[in-house]
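A short worksheet on the structure shown next.
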Amino acid sequence: MRILIIEDDRKISSFLSKGFREVGYAADVAEDGEEGLVLARQGLHDTIIADLMLPKLDGLGMIERIRAEGIETPVIILSAKRSVDDRIRGLQAGGDDYMVKPFSFSELLVRVQTLLRRSQRMPQATILQTGNLRMNLSDRSVERDGQPIELQPREFALLEYLMRNPGRVITKTAILEHVYDYSFDPQTNVVDVLVCRLRNRIDKKFDQKLIHTVRGVGYVLKTD
């Protein structure tokens with residue numbers, strides 16, 4: 001999944017982006033409201049985390065504009081403004097949730113996951129199943145034919161993306177957009193390397209292979 005962080009405090013944005021990447025999310029950062037608006041318009045992100053006191057375009061104005069343009073990406077406001085009136089204004093502007101600084105990253109992560117489950121992009125189910133491959137999103141566990149499989153965060157993120165789209169060919173570009181950051185060169189082989197690692201985890205010990213290559217296009221998860 002892909003998170004857009006709109007925060008002008010580089011210490012906070014670095015802390016957030018590092019935290020989300022460590023749990024397998026792709027994270028992009030904008031340092032002012034105008035840049036955040038441009039990135040939000042691209043429709044690539046599953047959740048936006050935005051400060052209110054931003055340069056160039058404040059957070060409330062940015063949220064109001066993306067909502068006016070029909071952009072429905074869930075927004076969590078993360079602000080030092082803590083009064084009831086501030087929270088009301090943030091939610092009325094189009095925010096889906098409001099957290100006050102200082103904050104707990106673990107709580108923020110849970111709130112992001114809750115919004116993702118509620119949004120149209122993410123099904124409500126916490127269990128994904130393809131053949132004998134099973135993923136539990138609640139405790140981030142994976143097993144195949146009852147055997148537990150340990151995955152690194154990016155491997156888990158890629159497998160989740162494939163399992164949410166069974167039978168659908170996923171391009172390398174789409175994988176880059178959902179699993180990696182804008183800083184990655186699309187001409188690199190990071191996707192191929194990641195897919196190879198994931199195959200070794202879930203397919204190597206089994207006769208039936210689930211991850212298939214569609215030459216010149218991308219990859220597909222299927223049982224036949």
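Residue numbering restarts at 1 in every chain; chains get A, B, ... in the order shown in the structure tokens, and ligands count up from 1 in that same order.
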### Message
Give me the residues near Asn165 of chain A as number ranges by chain, where near means some atom within 12 Å (using only C-alpha atoms) and where sequence neighbours in that chain fewer than 4 positions away do not count.
### Response
A: 121-123, 128-130, 158-161, 169-171, 174-175, 219-222
Writing out the chosen residues with C-alpha atoms as a PDB file, in the first residue's frame:
ATOM      1  CA  ARG A 121     -10.029   0.326  -2.344  1.00  0.00           C
ATOM      2  CA  MET A 122      -9.731  -2.313   0.375  1.00  0.00           C
ATOM      3  CA  PRO A 123     -12.157  -5.178   0.986  1.00  0.00           C
ATOM      4  CA  LEU A 128      -7.014 -13.467   1.849  1.00  0.00           C
ATOM      5  CA  GLN A 129      -6.950 -16.917   0.248  1.00  0.00           C
ATOM      6  CA  THR A 130      -5.662 -18.175  -3.091  1.00  0.00           C
ATOM      7  CA  LEU A 158       3.792  -7.554  -2.865  1.00  0.00           C
ATOM      8  CA  LEU A 159       2.023 -10.785  -1.950  1.00  0.00           C
ATOM      9  CA  GLU A 160      -0.911  -8.842  -0.485  1.00  0.00           C
ATOM     10  CA  TYR A 161      -1.165  -6.825  -3.709  1.00  0.00           C
ATOM     11  CA  VAL A 169      -1.783  -9.538 -14.573  1.00  0.00           C
ATOM     12  CA  ILE A 170       0.042  -6.894 -12.517  1.00  0.00           C
ATOM     13  CA  THR A 171       2.596  -4.834 -14.420  1.00  0.00           C
ATOM     14  CA  ALA A 174       2.050  -1.020 -10.946  1.00  0.00           C
ATOM     15  CA  ILE A 175       4.207  -2.975  -8.499  1.00  0.00           C
ATOM     16  CA  TYR A 219       3.134 -11.139 -13.040  1.00  0.00           C
ATOM     17  CA  VAL A 220      -0.054 -12.929 -12.070  1.00  0.00           C
ATOM     18  CA  LEU A 221      -1.077 -15.007  -9.037  1.00  0.00           C
ATOM     19  CA  LYS A 222      -3.256 -17.951 -10.022  1.00  0.00           C
TER      20      LYS A 222
END
### Message
Env of Gly131 of chain A: 10 Å cut, atoms = only C-alpha atoms, seq-sep filter 5 positions within chain, self excluded. Answer as a PyMOL selection string.
### Response
chain A and resi 144-145+208+210+222-224
#### Entry: Closest of A:Arg154, A:Lys101, A:Arg118, A:Arg111 to Ile12 of chain A - atom-to-atom distances counting only C-alpha atoms
A:Lys101
### Task
Find the residues around Val112 of chain A up to 9 Å (only C-alpha atoms counted), leave out those fewer than 5 positions away in its own chain, and share them as a PyMOL selection string.
chain A and resi 47+49+74+76+107+117
### Task
If you run DSSP over the backbone, which residues in segment 21-213 of chain A end up helix (DSSP H, G or I)? Put them as JSON, numbers by chain.
{"A": [21, 22, 33, 34, 35, 36, 37, 38, 39, 40, 41, 59, 60, 61, 62, 63, 64, 65, 66, 67, 68, 84, 85, 86, 87, 88, 89, 90, 91, 92, 93, 105, 106, 107, 108, 109, 110, 111, 112, 113, 114, 115, 116, 117, 118, 153, 154, 155, 156, 157, 158, 159, 160, 161, 162, 163, 172, 173, 174, 175, 176, 177, 178, 179, 190, 191, 192, 193, 194, 195, 196, 197, 198, 199, 200, 201, 202]}
### Query
Counting only C-alpha atoms, what is within 7 Å of Asp51 of chain A, bar same-chain residues fewer than 5 positions away, as a PyMOL selection string?
chain A and resi 6-7+59+77-79
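Put simply, atom CA of Glu150 of chain A is 10.2 Å away from atom CA of Leu198 of chain A.
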#### Entry: Exercise: Asn200 of chain A partners within 12 Å, only C-alpha atoms, chain neighbours under 3 positions left out, as a list in words
Ile149, Glu150, Leu151, Glu155, Val193, Leu194, Val195, Cys196, Arg197, Asp203, Lys204, Lys205, Phe206, Lys209, Leu210 and Ile211 of chain A
Serialized selection, N, CA, C and O atoms, as a tab-separated table (two decimals), in the first residue's frame:
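Heads up, here's the output in out13.tsv:
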chain	number	residue	atom	x	y	z
A	149	ILE	N	4.89	-19.24	6.67
A	149	ILE	CA	5.89	-18.66	5.77
A	149	ILE	C	6.27	-17.29	6.30
A	149	ILE	O	5.41	-16.42	6.49
A	150	GLU	N	7.56	-17.09	6.57
A	150	GLU	CA	8.05	-15.80	7.05
A	150	GLU	C	8.38	-14.90	5.86
A	150	GLU	O	9.12	-15.30	4.96
A	151	LEU	N	7.83	-13.69	5.87
A	151	LEU	CA	8.07	-12.75	4.79
A	151	LEU	C	8.62	-11.44	5.32
A	151	LEU	O	8.24	-10.99	6.40
A	155	GLU	N	8.09	-8.11	0.77
A	155	GLU	CA	7.56	-9.36	0.25
A	155	GLU	C	6.09	-9.51	0.64
A	155	GLU	O	5.26	-9.91	-0.18
A	193	VAL	N	13.79	-8.85	-8.76
A	193	VAL	CA	14.47	-9.41	-7.59
A	193	VAL	C	13.47	-9.71	-6.49
A	193	VAL	O	13.51	-10.78	-5.86
A	194	LEU	N	12.53	-8.78	-6.27
A	194	LEU	CA	11.53	-8.98	-5.23
A	194	LEU	C	10.62	-10.16	-5.55
A	194	LEU	O	10.32	-10.98	-4.67
A	195	VAL	N	10.20	-10.28	-6.80
A	195	VAL	CA	9.34	-11.40	-7.20
A	195	VAL	C	10.09	-12.72	-7.03
A	195	VAL	O	9.53	-13.72	-6.58
A	196	CYS	N	11.37	-12.73	-7.39
A	196	CYS	CA	12.19	-13.94	-7.24
A	196	CYS	C	12.26	-14.36	-5.77
A	196	CYS	O	12.10	-15.54	-5.45
A	197	ARG	N	12.47	-13.40	-4.89
A	197	ARG	CA	12.51	-13.70	-3.45
A	197	ARG	C	11.18	-14.25	-2.95
A	197	ARG	O	11.13	-15.21	-2.18
A	203	ASP	N	6.65	-20.66	-3.36
A	203	ASP	CA	6.49	-21.65	-4.43
A	203	ASP	C	7.55	-22.74	-4.43
A	203	ASP	O	7.30	-23.85	-4.92
A	204	LYS	N	8.73	-22.45	-3.92
A	204	LYS	CA	9.87	-23.35	-4.10
A	204	LYS	C	9.61	-24.76	-3.58
A	204	LYS	O	9.99	-25.75	-4.21
A	205	LYS	N	8.94	-24.89	-2.44
A	205	LYS	CA	8.73	-26.19	-1.81
A	205	LYS	C	7.48	-26.91	-2.28
A	205	LYS	O	7.16	-28.01	-1.79
A	206	PHE	N	6.76	-26.32	-3.24
A	206	PHE	CA	5.49	-26.89	-3.67
A	206	PHE	C	5.49	-27.19	-5.16
A	206	PHE	O	6.09	-26.46	-5.95
A	209	LYS	N	2.85	-24.12	-8.75
A	209	LYS	CA	3.38	-22.77	-8.68
A	209	LYS	C	2.23	-21.76	-8.78
A	209	LYS	O	1.33	-21.91	-9.62
A	210	LEU	N	2.28	-20.75	-7.93
A	210	LEU	CA	1.21	-19.76	-7.90
A	210	LEU	C	1.56	-18.46	-8.62
A	210	LEU	O	0.70	-17.81	-9.21
A	211	ILE	N	2.83	-18.06	-8.58
A	211	ILE	CA	3.25	-16.82	-9.24
A	211	ILE	C	3.75	-17.13	-10.64
A	211	ILE	O	4.69	-17.91	-10.81
#### Entry: Shell of 10 Å around Arg10 of chain A, only C-alpha atoms, local chain residues under 6 positions omitted, as number ranges by chain
A: 16, 29-31
Would you put the residues from that selection into a file with C-alpha atoms, as a JSON list (two decimals), in the first residue's frame?
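selection_34.json was written with the following content:
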[["chain", "number", "residue", "atom", "x", "y", "z"],
["A", 16, "LEU", "CA", 6.82, 8.59, 9.47],
["A", 29, "VAL", "CA", 6.57, 12.92, 1.17],
["A", 30, "ALA", "CA", 5.42, 16.43, 0.25],
["A", 31, "GLU", "CA", 6.73, 19.41, 2.21]]
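The space between atom CA of Ile63 of chain A and atom CA of Gly95 of chain A spans 7.0 Å.
Nearest to Arg168 of chain A of all the residues A:Met99, A:Leu60, A:Val84, A:Val217 is A:Val217, counting only C-alpha atoms.
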### Message
Nearest residue to Arg87 of chain A out of A:Asp192, A:Met135, A:Leu52, A:Gln113, using only C-alpha atoms?
### Response
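For Arg87 of chain A, the nearest of the candidates is A:Leu52.
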### Query
So which residues of chain A fall under strand (DSSP E) by DSSP, listed as a PyMOL selection string?
chain A and resi 2-6+26-30+47-50+75-79+97-100+127-130+133-136+141-144+147-149+170-171+211-214+218-221
Output of the above residues as a compact mmCIF listing (two decimals), in the first residue's frame, restricted to N, CA and C atoms:
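Output saved as out-v9.txt:
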# COMPACT_ATOMS: atom_id res chain seq x y z
N ARG A 2 0.31 2.37 -0.44
CA ARG A 2 1.08 3.59 -0.64
C ARG A 2 0.51 4.73 0.18
N ILE A 3 1.38 5.38 0.96
CA ILE A 3 0.99 6.47 1.84
C ILE A 3 1.59 7.78 1.34
N LEU A 4 0.79 8.85 1.37
CA LEU A 4 1.29 10.18 1.06
C LEU A 4 1.36 10.97 2.37
N ILE A 5 2.56 11.42 2.73
CA ILE A 5 2.79 12.19 3.95
C ILE A 5 3.02 13.64 3.56
N ILE A 6 2.16 14.53 4.04
CA ILE A 6 2.30 15.96 3.73
C ILE A 6 2.66 16.66 5.03
N ALA A 26 4.74 1.67 0.89
CA ALA A 26 5.49 2.69 0.16
C ALA A 26 5.07 4.04 0.71
N ALA A 27 6.02 4.96 0.87
CA ALA A 27 5.71 6.27 1.46
C ALA A 27 6.33 7.38 0.64
N ASP A 28 5.50 8.36 0.25
CA ASP A 28 5.96 9.54 -0.46
C ASP A 28 5.74 10.76 0.43
N VAL A 29 6.61 11.76 0.30
CA VAL A 29 6.57 12.92 1.17
C VAL A 29 6.44 14.20 0.36
N ALA A 30 5.53 15.08 0.79
CA ALA A 30 5.42 16.43 0.25
C ALA A 30 5.65 17.40 1.40
N THR A 47 -3.81 6.22 1.34
CA THR A 47 -4.12 7.09 2.47
C THR A 47 -3.21 8.31 2.43
N ILE A 48 -3.75 9.45 2.87
CA ILE A 48 -2.97 10.69 3.00
C ILE A 48 -2.88 11.05 4.48
N ILE A 49 -1.68 11.38 4.93
CA ILE A 49 -1.48 11.90 6.29
C ILE A 49 -1.01 13.34 6.14
N ALA A 50 -1.77 14.29 6.67
CA ALA A 50 -1.49 15.69 6.41
C ALA A 50 -1.46 16.54 7.68
N VAL A 75 -8.07 10.65 4.44
CA VAL A 75 -7.11 11.61 4.97
C VAL A 75 -7.10 11.55 6.50
N ILE A 76 -5.91 11.37 7.06
CA ILE A 76 -5.72 11.49 8.51
C ILE A 76 -4.98 12.80 8.77
N ILE A 77 -5.59 13.67 9.54
CA ILE A 77 -4.94 14.92 9.92
C ILE A 77 -4.06 14.66 11.13
N LEU A 78 -2.81 15.11 11.03
CA LEU A 78 -1.85 14.93 12.12
C LEU A 78 -1.33 16.32 12.47
N SER A 79 -1.81 16.90 13.57
CA SER A 79 -1.56 18.30 13.82
C SER A 79 -1.29 18.58 15.29
N ASP A 97 -10.02 11.35 9.84
CA ASP A 97 -9.59 11.10 11.20
C ASP A 97 -8.67 12.24 11.61
N TYR A 98 -8.46 12.39 12.91
CA TYR A 98 -7.66 13.51 13.42
C TYR A 98 -6.84 13.01 14.60
N MET A 99 -5.51 13.18 14.50
CA MET A 99 -4.62 12.83 15.60
C MET A 99 -3.80 14.05 16.00
N VAL A 100 -3.55 14.17 17.29
CA VAL A 100 -2.83 15.32 17.83
C VAL A 100 -1.37 14.95 18.09
N ILE A 127 -8.85 -11.92 5.93
CA ILE A 127 -8.19 -13.13 5.44
C ILE A 127 -8.25 -13.15 3.92
N LEU A 128 -7.09 -13.31 3.30
CA LEU A 128 -7.01 -13.47 1.85
C LEU A 128 -6.60 -14.90 1.56
N GLN A 129 -7.23 -15.51 0.56
CA GLN A 129 -6.95 -16.92 0.25
C GLN A 129 -6.88 -17.11 -1.25
N THR A 130 -5.81 -17.75 -1.70
CA THR A 130 -5.66 -18.17 -3.09
C THR A 130 -5.18 -19.62 -3.07
N LEU A 133 -2.89 -21.06 -0.29
CA LEU A 133 -2.11 -19.94 0.26
C LEU A 133 -3.05 -19.02 1.03
N ARG A 134 -2.71 -18.75 2.29
CA ARG A 134 -3.60 -17.98 3.16
C ARG A 134 -2.82 -16.84 3.83
N MET A 135 -3.40 -15.63 3.80
CA MET A 135 -2.80 -14.46 4.43
C MET A 135 -3.77 -13.88 5.44
N ASN A 136 -3.28 -13.67 6.66
CA ASN A 136 -4.06 -13.03 7.70
C ASN A 136 -3.54 -11.60 7.86
N SER A 141 0.33 -12.64 9.10
CA SER A 141 0.91 -13.97 8.96
C SER A 141 0.52 -14.57 7.61
N VAL A 142 1.36 -15.48 7.12
CA VAL A 142 1.12 -16.16 5.85
C VAL A 142 1.42 -17.64 6.04
N GLU A 143 0.58 -18.47 5.45
CA GLU A 143 0.86 -19.91 5.47
C GLU A 143 0.39 -20.52 4.15
N ARG A 144 1.05 -21.60 3.78
CA ARG A 144 0.64 -22.36 2.60
C ARG A 144 0.53 -23.82 2.98
N GLN A 147 1.58 -24.59 6.38
CA GLN A 147 2.95 -24.33 6.79
C GLN A 147 3.22 -22.83 6.87
N PRO A 148 3.65 -22.32 8.03
CA PRO A 148 3.92 -20.88 8.16
C PRO A 148 5.04 -20.44 7.23
N ILE A 149 4.89 -19.24 6.67
CA ILE A 149 5.89 -18.66 5.77
C ILE A 149 6.27 -17.29 6.30
N ILE A 170 -0.42 -8.13 -13.14
CA ILE A 170 0.04 -6.89 -12.52
C ILE A 170 1.35 -6.48 -13.18
N THR A 171 1.39 -5.29 -13.73
CA THR A 171 2.60 -4.83 -14.42
C THR A 171 3.69 -4.46 -13.43
N ILE A 211 2.83 -18.06 -8.58
CA ILE A 211 3.25 -16.82 -9.24
C ILE A 211 3.75 -17.13 -10.64
N HIS A 212 3.11 -16.54 -11.62
CA HIS A 212 3.46 -16.80 -13.02
C HIS A 212 3.90 -15.50 -13.70
N THR A 213 4.86 -15.64 -14.61
CA THR A 213 5.35 -14.50 -15.38
C THR A 213 4.60 -14.40 -16.70
N VAL A 214 4.14 -13.21 -17.02
CA VAL A 214 3.57 -12.94 -18.33
C VAL A 214 4.60 -12.08 -19.06
N GLY A 218 4.07 -8.54 -16.98
CA GLY A 218 4.22 -8.49 -15.53
C GLY A 218 4.03 -9.86 -14.90
N TYR A 219 3.28 -9.91 -13.81
CA TYR A 219 3.13 -11.14 -13.04
C TYR A 219 1.68 -11.34 -12.65
N VAL A 220 1.31 -12.61 -12.45
CA VAL A 220 -0.05 -12.93 -12.07
C VAL A 220 -0.03 -14.05 -11.03
N LEU A 221 -0.92 -13.95 -10.05
CA LEU A 221 -1.08 -15.01 -9.04
C LEU A 221 -2.31 -15.81 -9.39
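Between atom CA of Leu108 of chain A and atom CA of Gly36 of chain A there is a distance of 19.4 Å.
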### Within 10 Å of Ile66 of chain A using only C-alpha atoms, minus same-chain residues under 4 positions, as a ChimeraX atom specification
/A:36-38,40-41,61-62,70-73,93-94
